[in-house]
Every structure is written in structure tokens, then in C-alpha cells.
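Student: Have a peek at start.cif (mmCIF, N, CA and C atoms).
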```cif
data_my_file
loop_
_atom_site.label_atom_id
_atom_site.label_comp_id
_atom_site.auth_asym_id
_atom_site.auth_seq_id
_atom_site.Cartn_x
_atom_site.Cartn_y
_atom_site.Cartn_z
N MET A 1 -36.47 -80.46 27.60
CA MET A 1 -37.08 -79.49 28.49
C MET A 1 -36.02 -78.81 29.37
N LYS A 2 -35.04 -79.61 29.86
CA LYS A 2 -33.98 -79.05 30.69
C LYS A 2 -33.16 -78.03 29.90
N ASN A 3 -32.97 -78.29 28.62
CA ASN A 3 -32.22 -77.38 27.78
C ASN A 3 -32.93 -76.04 27.64
N ILE A 4 -34.23 -76.06 27.59
CA ILE A 4 -35.01 -74.82 27.46
C ILE A 4 -34.83 -73.97 28.73
N TYR A 5 -34.93 -74.62 29.89
CA TYR A 5 -34.72 -73.90 31.15
C TYR A 5 -33.30 -73.31 31.22
N PHE A 6 -32.35 -74.11 30.81
CA PHE A 6 -30.96 -73.64 30.80
C PHE A 6 -30.80 -72.43 29.89
N ILE A 7 -31.39 -72.46 28.71
CA ILE A 7 -31.30 -71.35 27.75
C ILE A 7 -31.99 -70.11 28.31
N VAL A 8 -33.13 -70.29 28.93
CA VAL A 8 -33.86 -69.14 29.49
C VAL A 8 -33.05 -68.50 30.62
N ILE A 9 -32.48 -69.33 31.49
CA ILE A 9 -31.68 -68.80 32.59
C ILE A 9 -30.43 -68.11 32.06
N ALA A 10 -29.78 -68.70 31.06
CA ALA A 10 -28.59 -68.08 30.48
C ALA A 10 -28.94 -66.74 29.84
N LEU A 11 -30.04 -66.67 29.10
CA LEU A 11 -30.47 -65.40 28.50
C LEU A 11 -30.78 -64.36 29.57
N TRP A 12 -31.45 -64.78 30.64
CA TRP A 12 -31.77 -63.86 31.72
C TRP A 12 -30.49 -63.30 32.34
N ALA A 13 -29.50 -64.16 32.54
CA ALA A 13 -28.22 -63.71 33.12
C ALA A 13 -27.52 -62.72 32.20
N VAL A 14 -27.49 -63.02 30.90
CA VAL A 14 -26.85 -62.12 29.95
C VAL A 14 -27.56 -60.78 29.90
N ILE A 15 -28.88 -60.80 29.87
CA ILE A 15 -29.66 -59.55 29.82
C ILE A 15 -29.46 -58.75 31.10
N SER A 16 -29.44 -59.42 32.24
CA SER A 16 -29.24 -58.73 33.53
C SER A 16 -27.89 -58.04 33.58
N ILE A 17 -26.87 -58.74 33.12
CA ILE A 17 -25.52 -58.17 33.14
C ILE A 17 -25.40 -57.03 32.15
N SER A 18 -25.97 -57.18 30.98
CA SER A 18 -25.84 -56.14 29.95
C SER A 18 -26.67 -54.91 30.26
N CYS A 19 -27.66 -55.03 31.13
CA CYS A 19 -28.50 -53.88 31.47
C CYS A 19 -27.94 -53.07 32.63
N GLY A 20 -26.69 -53.24 32.94
CA GLY A 20 -26.08 -52.38 33.94
C GLY A 20 -25.71 -53.08 35.22
N GLY A 21 -26.20 -54.26 35.46
CA GLY A 21 -25.84 -54.98 36.67
C GLY A 21 -26.47 -54.37 37.90
N SER A 22 -25.86 -54.62 39.03
CA SER A 22 -26.41 -54.19 40.31
C SER A 22 -26.08 -52.72 40.60
N ALA A 23 -26.71 -52.22 41.64
CA ALA A 23 -26.44 -50.85 42.07
C ALA A 23 -25.00 -50.70 42.54
N VAL A 24 -24.46 -51.76 43.13
CA VAL A 24 -23.08 -51.73 43.60
C VAL A 24 -22.13 -51.60 42.41
N ASP A 25 -22.38 -52.38 41.37
CA ASP A 25 -21.54 -52.29 40.17
C ASP A 25 -21.62 -50.91 39.53
N SER A 26 -22.82 -50.35 39.50
CA SER A 26 -23.01 -49.02 38.93
C SER A 26 -22.26 -47.97 39.76
N ALA A 27 -22.35 -48.06 41.08
CA ALA A 27 -21.67 -47.11 41.95
C ALA A 27 -20.15 -47.25 41.81
N MET A 28 -19.67 -48.48 41.74
CA MET A 28 -18.23 -48.70 41.57
C MET A 28 -17.75 -48.12 40.25
N SER A 29 -18.55 -48.29 39.21
CA SER A 29 -18.19 -47.75 37.90
C SER A 29 -18.10 -46.23 37.93
N GLN A 30 -19.05 -45.59 38.61
CA GLN A 30 -19.04 -44.12 38.72
C GLN A 30 -17.79 -43.65 39.45
N VAL A 31 -17.45 -44.33 40.53
CA VAL A 31 -16.27 -43.93 41.31
C VAL A 31 -15.01 -44.15 40.48
N GLU A 32 -14.91 -45.28 39.79
CA GLU A 32 -13.73 -45.57 38.97
C GLU A 32 -13.56 -44.54 37.85
N LYS A 33 -14.65 -44.16 37.20
CA LYS A 33 -14.56 -43.16 36.13
C LYS A 33 -14.10 -41.82 36.68
N ALA A 34 -14.63 -41.44 37.82
CA ALA A 34 -14.23 -40.18 38.45
C ALA A 34 -12.75 -40.23 38.83
N LEU A 35 -12.30 -41.35 39.37
CA LEU A 35 -10.89 -41.49 39.75
C LEU A 35 -9.97 -41.40 38.54
N GLU A 36 -10.36 -42.03 37.45
CA GLU A 36 -9.54 -41.96 36.23
C GLU A 36 -9.42 -40.51 35.76
N ARG A 37 -10.54 -39.79 35.82
CA ARG A 37 -10.53 -38.37 35.42
C ARG A 37 -9.63 -37.55 36.35
N VAL A 38 -9.70 -37.81 37.63
CA VAL A 38 -8.88 -37.09 38.61
C VAL A 38 -7.41 -37.42 38.42
N GLU A 39 -7.10 -38.69 38.21
CA GLU A 39 -5.70 -39.10 38.05
C GLU A 39 -5.07 -38.42 36.82
N LYS A 40 -5.87 -38.16 35.79
CA LYS A 40 -5.36 -37.48 34.60
C LYS A 40 -5.20 -35.99 34.81
N ASN A 41 -6.08 -35.39 35.61
CA ASN A 41 -6.14 -33.92 35.70
C ASN A 41 -5.81 -33.37 37.08
N LYS A 42 -5.29 -34.18 37.99
CA LYS A 42 -5.14 -33.73 39.38
C LYS A 42 -4.22 -32.52 39.54
N ALA A 43 -3.26 -32.37 38.65
CA ALA A 43 -2.32 -31.25 38.77
C ALA A 43 -3.00 -29.92 38.46
N THR A 44 -4.05 -29.94 37.67
CA THR A 44 -4.70 -28.70 37.26
C THR A 44 -6.05 -28.47 37.92
N MET A 45 -6.43 -29.35 38.83
CA MET A 45 -7.75 -29.22 39.44
C MET A 45 -7.78 -28.06 40.43
N THR A 46 -8.86 -27.32 40.38
CA THR A 46 -9.07 -26.18 41.27
C THR A 46 -9.90 -26.62 42.48
N PRO A 47 -9.98 -25.79 43.52
CA PRO A 47 -10.85 -26.13 44.65
C PRO A 47 -12.30 -26.37 44.22
N ALA A 48 -12.76 -25.64 43.22
CA ALA A 48 -14.13 -25.85 42.71
C ALA A 48 -14.26 -27.23 42.08
N ASP A 49 -13.21 -27.67 41.38
CA ASP A 49 -13.22 -29.02 40.79
C ASP A 49 -13.31 -30.09 41.88
N TRP A 50 -12.55 -29.89 42.97
CA TRP A 50 -12.57 -30.86 44.06
C TRP A 50 -13.95 -30.89 44.72
N LYS A 51 -14.57 -29.73 44.86
CA LYS A 51 -15.91 -29.66 45.46
C LYS A 51 -16.92 -30.38 44.57
N ALA A 52 -16.80 -30.18 43.25
CA ALA A 52 -17.69 -30.86 42.31
C ALA A 52 -17.49 -32.37 42.38
N LEU A 53 -16.24 -32.80 42.52
CA LEU A 53 -15.95 -34.23 42.65
C LEU A 53 -16.59 -34.79 43.91
N GLU A 54 -16.46 -34.05 45.00
CA GLU A 54 -17.06 -34.48 46.26
C GLU A 54 -18.57 -34.68 46.11
N THR A 55 -19.23 -33.72 45.44
CA THR A 55 -20.66 -33.81 45.22
C THR A 55 -21.00 -34.99 44.32
N GLU A 56 -20.20 -35.18 43.28
CA GLU A 56 -20.41 -36.27 42.32
C GLU A 56 -20.28 -37.64 42.98
N LEU A 57 -19.34 -37.78 43.89
CA LEU A 57 -19.08 -39.08 44.50
C LEU A 57 -19.88 -39.35 45.77
N ASP A 58 -20.60 -38.37 46.25
CA ASP A 58 -21.32 -38.52 47.50
C ASP A 58 -22.27 -39.72 47.48
N GLU A 59 -23.17 -39.77 46.53
CA GLU A 59 -24.16 -40.84 46.46
C GLU A 59 -23.54 -42.21 46.16
N PRO A 60 -22.65 -42.31 45.16
CA PRO A 60 -22.05 -43.64 44.93
C PRO A 60 -21.29 -44.18 46.14
N LEU A 61 -20.55 -43.31 46.84
CA LEU A 61 -19.81 -43.78 48.01
C LEU A 61 -20.74 -44.18 49.14
N LYS A 62 -21.85 -43.46 49.30
CA LYS A 62 -22.84 -43.85 50.31
C LYS A 62 -23.45 -45.21 49.97
N ALA A 63 -23.74 -45.42 48.68
CA ALA A 63 -24.32 -46.70 48.25
C ALA A 63 -23.35 -47.84 48.50
N LEU A 64 -22.07 -47.62 48.23
CA LEU A 64 -21.06 -48.65 48.45
C LEU A 64 -20.89 -48.95 49.94
N ALA A 65 -20.88 -47.90 50.75
CA ALA A 65 -20.75 -48.09 52.20
C ALA A 65 -21.94 -48.86 52.76
N ALA A 66 -23.13 -48.54 52.28
CA ALA A 66 -24.33 -49.24 52.74
C ALA A 66 -24.30 -50.70 52.32
N ALA A 67 -23.85 -50.97 51.10
CA ALA A 67 -23.75 -52.35 50.63
C ALA A 67 -22.78 -53.16 51.48
N LEU A 68 -21.66 -52.54 51.85
CA LEU A 68 -20.71 -53.23 52.72
C LEU A 68 -21.29 -53.46 54.11
N GLU A 69 -21.92 -52.43 54.64
CA GLU A 69 -22.46 -52.52 55.99
C GLU A 69 -23.56 -53.57 56.08
N ASN A 70 -24.36 -53.68 55.02
CA ASN A 70 -25.50 -54.61 55.03
C ASN A 70 -25.14 -55.99 54.46
N ASN A 71 -23.85 -56.21 54.23
CA ASN A 71 -23.37 -57.49 53.69
C ASN A 71 -24.09 -57.88 52.40
N GLU A 72 -24.24 -56.91 51.51
CA GLU A 72 -24.90 -57.15 50.24
C GLU A 72 -23.93 -57.58 49.14
N VAL A 73 -22.67 -57.70 49.47
CA VAL A 73 -21.67 -58.07 48.47
C VAL A 73 -20.91 -59.30 48.94
N GLY A 74 -20.44 -60.06 47.98
CA GLY A 74 -19.67 -61.25 48.30
C GLY A 74 -18.21 -60.90 48.59
N ALA A 75 -17.44 -61.92 48.83
CA ALA A 75 -16.05 -61.73 49.23
C ALA A 75 -15.22 -61.06 48.13
N LEU A 76 -15.41 -61.48 46.89
CA LEU A 76 -14.63 -60.89 45.79
C LEU A 76 -14.99 -59.43 45.57
N LYS A 77 -16.27 -59.12 45.60
CA LYS A 77 -16.70 -57.74 45.42
C LYS A 77 -16.22 -56.89 46.59
N ARG A 78 -16.19 -57.46 47.78
CA ARG A 78 -15.69 -56.75 48.97
C ARG A 78 -14.21 -56.40 48.77
N LEU A 79 -13.43 -57.32 48.22
CA LEU A 79 -12.02 -57.04 47.94
C LEU A 79 -11.88 -55.94 46.90
N ASP A 80 -12.73 -55.98 45.87
CA ASP A 80 -12.72 -54.92 44.86
C ASP A 80 -13.02 -53.56 45.50
N LEU A 81 -13.97 -53.54 46.41
CA LEU A 81 -14.33 -52.29 47.09
C LEU A 81 -13.18 -51.80 47.97
N ILE A 82 -12.48 -52.71 48.62
CA ILE A 82 -11.34 -52.32 49.45
C ILE A 82 -10.24 -51.72 48.58
N MET A 83 -9.97 -52.34 47.43
CA MET A 83 -8.95 -51.80 46.53
C MET A 83 -9.38 -50.44 45.98
N LEU A 84 -10.66 -50.29 45.67
CA LEU A 84 -11.16 -49.01 45.18
C LEU A 84 -11.02 -47.94 46.26
N THR A 85 -11.32 -48.30 47.49
CA THR A 85 -11.17 -47.36 48.61
C THR A 85 -9.71 -46.94 48.76
N GLY A 86 -8.80 -47.87 48.58
CA GLY A 86 -7.38 -47.54 48.63
C GLY A 86 -6.98 -46.56 47.55
N ARG A 87 -7.51 -46.74 46.35
CA ARG A 87 -7.22 -45.81 45.25
C ARG A 87 -7.76 -44.42 45.56
N VAL A 88 -8.99 -44.37 46.07
CA VAL A 88 -9.59 -43.08 46.42
C VAL A 88 -8.73 -42.38 47.48
N THR A 89 -8.33 -43.12 48.49
CA THR A 89 -7.51 -42.56 49.57
C THR A 89 -6.18 -42.04 49.03
N ALA A 90 -5.53 -42.83 48.19
CA ALA A 90 -4.23 -42.43 47.64
C ALA A 90 -4.35 -41.16 46.80
N VAL A 91 -5.37 -41.08 45.97
CA VAL A 91 -5.56 -39.90 45.12
C VAL A 91 -5.83 -38.67 45.98
N LEU A 92 -6.69 -38.83 46.98
CA LEU A 92 -7.03 -37.68 47.82
C LEU A 92 -5.85 -37.23 48.68
N MET A 93 -5.06 -38.18 49.18
CA MET A 93 -3.89 -37.80 49.97
C MET A 93 -2.86 -37.08 49.11
N GLU A 94 -2.64 -37.58 47.89
CA GLU A 94 -1.69 -36.93 47.00
C GLU A 94 -2.18 -35.53 46.64
N ALA A 95 -3.46 -35.41 46.39
CA ALA A 95 -4.02 -34.09 46.07
C ALA A 95 -3.89 -33.15 47.25
N GLY A 96 -4.10 -33.66 48.46
CA GLY A 96 -3.96 -32.83 49.64
C GLY A 96 -2.54 -32.36 49.84
N MET A 97 -1.59 -33.25 49.62
CA MET A 97 -0.18 -32.86 49.75
C MET A 97 0.19 -31.83 48.69
N ASN A 98 -0.27 -32.04 47.46
CA ASN A 98 0.02 -31.06 46.40
C ASN A 98 -0.57 -29.71 46.74
N THR A 99 -1.78 -29.71 47.27
CA THR A 99 -2.43 -28.45 47.65
C THR A 99 -1.66 -27.77 48.78
N ALA A 100 -1.22 -28.55 49.76
CA ALA A 100 -0.47 -27.98 50.88
C ALA A 100 0.84 -27.36 50.39
N VAL A 101 1.54 -28.04 49.50
CA VAL A 101 2.79 -27.50 48.97
C VAL A 101 2.54 -26.22 48.19
N LYS A 102 1.48 -26.21 47.36
CA LYS A 102 1.14 -25.00 46.60
C LYS A 102 0.81 -23.84 47.53
N GLU A 103 0.04 -24.14 48.58
CA GLU A 103 -0.32 -23.10 49.54
C GLU A 103 0.92 -22.55 50.24
N MET A 104 1.84 -23.44 50.58
CA MET A 104 3.07 -23.00 51.23
C MET A 104 3.89 -22.13 50.28
N GLU A 105 3.96 -22.53 49.02
CA GLU A 105 4.70 -21.73 48.04
C GLU A 105 4.02 -20.38 47.84
N ASN A 106 2.70 -20.37 47.79
CA ASN A 106 1.97 -19.11 47.64
C ASN A 106 2.17 -18.20 48.85
N ALA A 107 2.35 -18.80 50.01
CA ALA A 107 2.57 -18.01 51.22
C ALA A 107 4.02 -17.58 51.37
N GLY A 108 4.86 -17.99 50.43
CA GLY A 108 6.26 -17.58 50.46
C GLY A 108 7.14 -18.51 51.27
N ILE A 109 6.61 -19.64 51.65
CA ILE A 109 7.41 -20.61 52.39
C ILE A 109 8.00 -21.57 51.38
N LEU A 110 9.29 -21.56 51.28
CA LEU A 110 9.97 -22.43 50.33
C LEU A 110 10.57 -23.61 51.06
N MET A 111 10.77 -24.67 50.35
CA MET A 111 11.31 -25.87 50.96
C MET A 111 12.72 -25.63 51.52
N ASP A 112 13.50 -24.76 50.86
CA ASP A 112 14.83 -24.44 51.40
C ASP A 112 14.72 -23.79 52.77
N ASP A 113 13.73 -22.90 52.91
CA ASP A 113 13.51 -22.26 54.20
C ASP A 113 13.15 -23.30 55.26
N LEU A 114 12.29 -24.25 54.89
CA LEU A 114 11.91 -25.30 55.83
C LEU A 114 13.11 -26.14 56.22
N GLN A 115 13.97 -26.42 55.26
CA GLN A 115 15.17 -27.21 55.55
C GLN A 115 16.08 -26.45 56.51
N GLN A 116 16.27 -25.15 56.28
CA GLN A 116 17.11 -24.34 57.18
C GLN A 116 16.51 -24.29 58.58
N ASP A 117 15.18 -24.11 58.65
CA ASP A 117 14.53 -24.08 59.95
C ASP A 117 14.70 -25.41 60.68
N THR A 118 14.59 -26.50 59.94
CA THR A 118 14.75 -27.82 60.54
C THR A 118 16.16 -28.00 61.08
N GLU A 119 17.15 -27.54 60.32
CA GLU A 119 18.54 -27.65 60.77
C GLU A 119 18.78 -26.81 62.02
N GLN A 120 18.20 -25.60 62.07
CA GLN A 120 18.35 -24.75 63.24
C GLN A 120 17.71 -25.39 64.47
N ILE A 121 16.55 -25.97 64.28
CA ILE A 121 15.86 -26.64 65.39
C ILE A 121 16.71 -27.80 65.89
N LYS A 122 17.30 -28.55 64.98
CA LYS A 122 18.15 -29.68 65.36
C LYS A 122 19.37 -29.18 66.14
N GLU A 123 19.97 -28.08 65.70
CA GLU A 123 21.13 -27.53 66.40
C GLU A 123 20.76 -27.13 67.83
N VAL A 124 19.62 -26.47 67.98
CA VAL A 124 19.18 -26.06 69.31
C VAL A 124 18.88 -27.28 70.15
N SER A 125 18.24 -28.27 69.57
CA SER A 125 17.93 -29.51 70.28
C SER A 125 19.21 -30.21 70.73
N ASP A 126 20.19 -30.27 69.84
CA ASP A 126 21.47 -30.89 70.19
C ASP A 126 22.16 -30.11 71.31
N ALA A 127 22.06 -28.79 71.27
CA ALA A 127 22.67 -27.96 72.32
C ALA A 127 22.02 -28.25 73.66
N PHE A 128 20.69 -28.42 73.68
CA PHE A 128 20.01 -28.74 74.92
C PHE A 128 20.43 -30.11 75.43
N GLU A 129 20.60 -31.06 74.53
CA GLU A 129 21.04 -32.39 74.94
C GLU A 129 22.43 -32.33 75.57
N VAL A 130 23.34 -31.55 74.98
CA VAL A 130 24.69 -31.42 75.51
C VAL A 130 24.65 -30.77 76.89
N SER A 131 23.86 -29.68 77.03
CA SER A 131 23.80 -29.00 78.33
C SER A 131 23.10 -29.87 79.36
N ASP A 132 22.11 -30.64 78.94
CA ASP A 132 21.42 -31.55 79.86
C ASP A 132 22.36 -32.65 80.34
N THR A 133 23.19 -33.16 79.43
CA THR A 133 24.18 -34.17 79.80
C THR A 133 25.19 -33.60 80.78
N ALA A 134 25.62 -32.36 80.55
CA ALA A 134 26.58 -31.71 81.45
C ALA A 134 25.97 -31.51 82.83
N VAL A 135 24.70 -31.09 82.89
CA VAL A 135 24.03 -30.88 84.17
C VAL A 135 23.90 -32.20 84.91
N ASN A 136 23.51 -33.25 84.20
CA ASN A 136 23.35 -34.56 84.84
C ASN A 136 24.68 -35.09 85.36
N SER A 137 25.76 -34.90 84.60
CA SER A 137 27.06 -35.39 85.06
C SER A 137 27.57 -34.58 86.24
N SER A 138 27.26 -33.29 86.31
CA SER A 138 27.70 -32.48 87.45
C SER A 138 26.93 -32.88 88.72
N HIS A 139 25.66 -33.28 88.56
CA HIS A 139 24.89 -33.75 89.71
C HIS A 139 25.39 -35.10 90.20
N GLU A 140 25.87 -35.90 89.28
CA GLU A 140 26.40 -37.20 89.66
C GLU A 140 27.71 -37.05 90.43
N ASN A 141 28.51 -36.02 90.10
CA ASN A 141 29.81 -35.80 90.75
C ASN A 141 29.64 -35.24 92.16
N GLU A 142 28.47 -34.70 92.47
CA GLU A 142 28.28 -34.08 93.79
C GLU A 142 28.20 -35.07 94.87
#
```
Any chance you could give the structure as C-alpha cells?
Tutor:
Amino acid sequence: MKNIYFIVIALWAVISISCGGSAVDSAMSQVEKALERVEKNKATMTPADWKALETELDEPLKALAAALENNEVGALKRLDLIMLTGRVTAVLMEAGMNTAVKEMENAGILMDDLQQDTEQIKEVSDAFEVSDTAVNSSHENE
């Protein structure tokens, strides 16, 4: 009799897992698939693509946030969610930096120009430090 209960419980577990699992697992899967797609195509994505991604990920990310807030996940799943959040953040930050660089290039701002501007600012800053030091030493001599 115990073997029958064990078999029924094992079958129930297998069927539950094979039917998609929990809402958290489904949401994580959606986010992971979207991230994989973005990681492959991020160099060619347009603003419309990013907007579509935002719309696509809105519900899964809300579901994951609610699961975390309501303590519906265990410690291991929580760690998986933290790692997934890190991946999302890294992809979005890299995409933002790439977009900023493209926008700067489109606006005619080149990295060489930025380097020259930085050097000029440093020279002016150094000149102020030298003159400030001279002023302070002349006040000390008085």
C-alpha cells in the first residue's frame, strides 16, 4: 500500500513539473529567453525593439517581484532570481552605454574630441591649483 502512495506522489510530481511548473518558473523562463535574444541581437536593436522588450518583460518581472515580496520562493530560487536580475541589469546597462555612444557619434561628438576636452580641463584645473598655491604661500609670507 505504501508503494502505491509513493508511486502516485511520484507521478503527480513528474506531471506537475512537466506541465510547466509554477508561475515563478514560467516568468523566469520568459525573462531568460528574452535575455538570450537580446544578448544575441543587442548591437542591432532599435528603440522600437527595446520598447517591445520592455512590454514583453513587464508582466513576468512584476510576477517575479511579487513572488519575492510575498516570500513565495525558497532560498535557492531567490538566488536564481538575484542572478537573473544581475543579468538583466548588465544587459540593460551595456545597451544604454552603446546607445549613448551611438548618440554621441551621431551628434558629431567623437571620443578624440572628448579626450582633448578632458585634457584641456585638466590643464585649466592644474593652472588653478598652481595659482591657488601661489596665493596661499603669499598670504603665509605676510
Student: Taking the file above as input, evaluate the PyMOL selection byres ((chain A and resi 77-87) around 8) and report the hits as a list in words.
Tutor: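 Residues picked by the PyMOL selection byres ((chain A and resi 77-87) around 8): Met28, Val31, Glu32, Leu35, Leu64, Leu68, Glu72, Val73, Gly74, Ala75, Leu76, Val88, Thr89, Ala90, Val91, Leu92 and Met93 of chain A.
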Student: Quick one: pull the distance between atom C of Asn71 (chain A) and atom N of Glu54 (chain A), Å, one decimal.
Tutor: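 Those two atoms sit 26.1 Å apart.
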Student: For each of A:Asn70, A:Gln116, A:Ser125, A:Glu94, take the minimum atom-to-atom distance to Lys42 (chain A), counting all atoms listed in the file, then give the residue where this is smallest.
Tutor: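 Of A:Asn70, A:Gln116, A:Ser125, A:Glu94, the one nearest Lys42 (chain A), counting all atoms listed in the file, is A:Glu94.
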Student: Between atom C of Lys51 (chain A) and CA of Lys102 (chain A), what is the distance in Å, rounded to a tenth?
Tutor: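 Those two atoms sit 19.0 Å apart.
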Student: In Å to one decimal, how far is atom C of Gln30 (chain A) from atom C of Leu57 (chain A)?
Tutor: 7.9 Å
Student: Can you list, as a PyMOL selection string, the residues that the PyMOL selection byres (((chain A and resi 59 and name CA) around 12) and name CA) selects here?
Tutor: chain A and resi 23-24+26-28+30-31+53-58+60-66
Student: So, counting only C-alpha atoms, which residue among A:Ile121, A:Asp25, A:Ala95, A:Glu69 is closest to Val38 (chain A)?
Tutor: A:Ala95
Student: How would region 77-98 of chain A look with N, CA, C and O atoms restored, written as a PDB file, in the coordinates of the input?
Tutor:
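Contents of the output file part.pdb:
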```
ATOM      1  N   LYS A  77     -16.270 -59.120  45.600  1.00  0.00           N
ATOM      2  CA  LYS A  77     -16.700 -57.740  45.420  1.00  0.00           C
ATOM      3  C   LYS A  77     -16.220 -56.890  46.590  1.00  0.00           C
ATOM      4  O   LYS A  77     -15.826 -55.746  46.427  1.00  0.00           O
ATOM      5  N   ARG A  78     -16.190 -57.460  47.780  1.00  0.00           N
ATOM      6  CA  ARG A  78     -15.690 -56.750  48.970  1.00  0.00           C
ATOM      7  C   ARG A  78     -14.210 -56.400  48.770  1.00  0.00           C
ATOM      8  O   ARG A  78     -13.785 -55.291  49.083  1.00  0.00           O
ATOM      9  N   LEU A  79     -13.430 -57.320  48.220  1.00  0.00           N
ATOM     10  CA  LEU A  79     -12.020 -57.040  47.940  1.00  0.00           C
ATOM     11  C   LEU A  79     -11.880 -55.940  46.900  1.00  0.00           C
ATOM     12  O   LEU A  79     -11.015 -55.059  47.013  1.00  0.00           O
ATOM     13  N   ASP A  80     -12.730 -55.980  45.870  1.00  0.00           N
ATOM     14  CA  ASP A  80     -12.720 -54.920  44.860  1.00  0.00           C
ATOM     15  C   ASP A  80     -13.020 -53.560  45.500  1.00  0.00           C
ATOM     16  O   ASP A  80     -12.389 -52.551  45.160  1.00  0.00           O
ATOM     17  N   LEU A  81     -13.970 -53.540  46.410  1.00  0.00           N
ATOM     18  CA  LEU A  81     -14.330 -52.290  47.090  1.00  0.00           C
ATOM     19  C   LEU A  81     -13.180 -51.800  47.970  1.00  0.00           C
ATOM     20  O   LEU A  81     -12.927 -50.587  48.047  1.00  0.00           O
ATOM     21  N   ILE A  82     -12.480 -52.710  48.620  1.00  0.00           N
ATOM     22  CA  ILE A  82     -11.340 -52.320  49.450  1.00  0.00           C
ATOM     23  C   ILE A  82     -10.240 -51.720  48.580  1.00  0.00           C
ATOM     24  O   ILE A  82      -9.647 -50.703  48.922  1.00  0.00           O
ATOM     25  N   MET A  83      -9.970 -52.340  47.430  1.00  0.00           N
ATOM     26  CA  MET A  83      -8.950 -51.800  46.530  1.00  0.00           C
ATOM     27  C   MET A  83      -9.380 -50.440  45.980  1.00  0.00           C
ATOM     28  O   MET A  83      -8.555 -49.526  45.869  1.00  0.00           O
ATOM     29  N   LEU A  84     -10.660 -50.290  45.670  1.00  0.00           N
ATOM     30  CA  LEU A  84     -11.160 -49.010  45.180  1.00  0.00           C
ATOM     31  C   LEU A  84     -11.020 -47.940  46.260  1.00  0.00           C
ATOM     32  O   LEU A  84     -10.624 -46.803  45.979  1.00  0.00           O
ATOM     33  N   THR A  85     -11.320 -48.300  47.490  1.00  0.00           N
ATOM     34  CA  THR A  85     -11.170 -47.360  48.610  1.00  0.00           C
ATOM     35  C   THR A  85      -9.710 -46.940  48.760  1.00  0.00           C
ATOM     36  O   THR A  85      -9.418 -45.762  49.015  1.00  0.00           O
ATOM     37  N   GLY A  86      -8.800 -47.870  48.580  1.00  0.00           N
ATOM     38  CA  GLY A  86      -7.380 -47.540  48.630  1.00  0.00           C
ATOM     39  C   GLY A  86      -6.980 -46.560  47.550  1.00  0.00           C
ATOM     40  O   GLY A  86      -6.219 -45.626  47.794  1.00  0.00           O
ATOM     41  N   ARG A  87      -7.510 -46.740  46.350  1.00  0.00           N
ATOM     42  CA  ARG A  87      -7.220 -45.810  45.250  1.00  0.00           C
ATOM     43  C   ARG A  87      -7.760 -44.420  45.560  1.00  0.00           C
ATOM     44  O   ARG A  87      -7.087 -43.417  45.329  1.00  0.00           O
ATOM     45  N   VAL A  88      -8.990 -44.370  46.070  1.00  0.00           N
ATOM     46  CA  VAL A  88      -9.590 -43.080  46.420  1.00  0.00           C
ATOM     47  C   VAL A  88      -8.730 -42.380  47.480  1.00  0.00           C
ATOM     48  O   VAL A  88      -8.407 -41.202  47.357  1.00  0.00           O
ATOM     49  N   THR A  89      -8.330 -43.120  48.490  1.00  0.00           N
ATOM     50  CA  THR A  89      -7.510 -42.560  49.570  1.00  0.00           C
ATOM     51  C   THR A  89      -6.180 -42.040  49.030  1.00  0.00           C
ATOM     52  O   THR A  89      -5.748 -40.941  49.378  1.00  0.00           O
ATOM     53  N   ALA A  90      -5.530 -42.830  48.190  1.00  0.00           N
ATOM     54  CA  ALA A  90      -4.230 -42.430  47.640  1.00  0.00           C
ATOM     55  C   ALA A  90      -4.350 -41.160  46.800  1.00  0.00           C
ATOM     56  O   ALA A  90      -3.532 -40.242  46.932  1.00  0.00           O
ATOM     57  N   VAL A  91      -5.370 -41.080  45.970  1.00  0.00           N
ATOM     58  CA  VAL A  91      -5.560 -39.900  45.120  1.00  0.00           C
ATOM     59  C   VAL A  91      -5.830 -38.670  45.980  1.00  0.00           C
ATOM     60  O   VAL A  91      -5.264 -37.601  45.757  1.00  0.00           O
ATOM     61  N   LEU A  92      -6.690 -38.830  46.980  1.00  0.00           N
ATOM     62  CA  LEU A  92      -7.030 -37.680  47.820  1.00  0.00           C
ATOM     63  C   LEU A  92      -5.850 -37.230  48.680  1.00  0.00           C
ATOM     64  O   LEU A  92      -5.640 -36.027  48.869  1.00  0.00           O
ATOM     65  N   MET A  93      -5.060 -38.180  49.180  1.00  0.00           N
ATOM     66  CA  MET A  93      -3.890 -37.800  49.970  1.00  0.00           C
ATOM     67  C   MET A  93      -2.860 -37.080  49.110  1.00  0.00           C
ATOM     68  O   MET A  93      -2.286 -36.072  49.523  1.00  0.00           O
ATOM     69  N   GLU A  94      -2.640 -37.580  47.890  1.00  0.00           N
ATOM     70  CA  GLU A  94      -1.690 -36.930  47.000  1.00  0.00           C
ATOM     71  C   GLU A  94      -2.180 -35.530  46.640  1.00  0.00           C
ATOM     72  O   GLU A  94      -1.399 -34.575  46.645  1.00  0.00           O
ATOM     73  N   ALA A  95      -3.460 -35.410  46.390  1.00  0.00           N
ATOM     74  CA  ALA A  95      -4.020 -34.090  46.070  1.00  0.00           C
ATOM     75  C   ALA A  95      -3.890 -33.150  47.250  1.00  0.00           C
ATOM     76  O   ALA A  95      -3.560 -31.970  47.086  1.00  0.00           O
ATOM     77  N   GLY A  96      -4.100 -33.660  48.460  1.00  0.00           N
ATOM     78  CA  GLY A  96      -3.960 -32.830  49.640  1.00  0.00           C
ATOM     79  C   GLY A  96      -2.540 -32.360  49.840  1.00  0.00           C
ATOM     80  O   GLY A  96      -2.289 -31.209  50.182  1.00  0.00           O
ATOM     81  N   MET A  97      -1.590 -33.250  49.620  1.00  0.00           N
ATOM     82  CA  MET A  97      -0.180 -32.860  49.750  1.00  0.00           C
ATOM     83  C   MET A  97       0.190 -31.830  48.690  1.00  0.00           C
ATOM     84  O   MET A  97       0.891 -30.856  48.987  1.00  0.00           O
ATOM     85  N   ASN A  98      -0.270 -32.040  47.460  1.00  0.00           N
ATOM     86  CA  ASN A  98       0.020 -31.060  46.400  1.00  0.00           C
ATOM     87  C   ASN A  98      -0.570 -29.710  46.740  1.00  0.00           C
ATOM     88  O   ASN A  98       0.069 -28.671  46.539  1.00  0.00           O
TER      89      ASN A  98
END
```
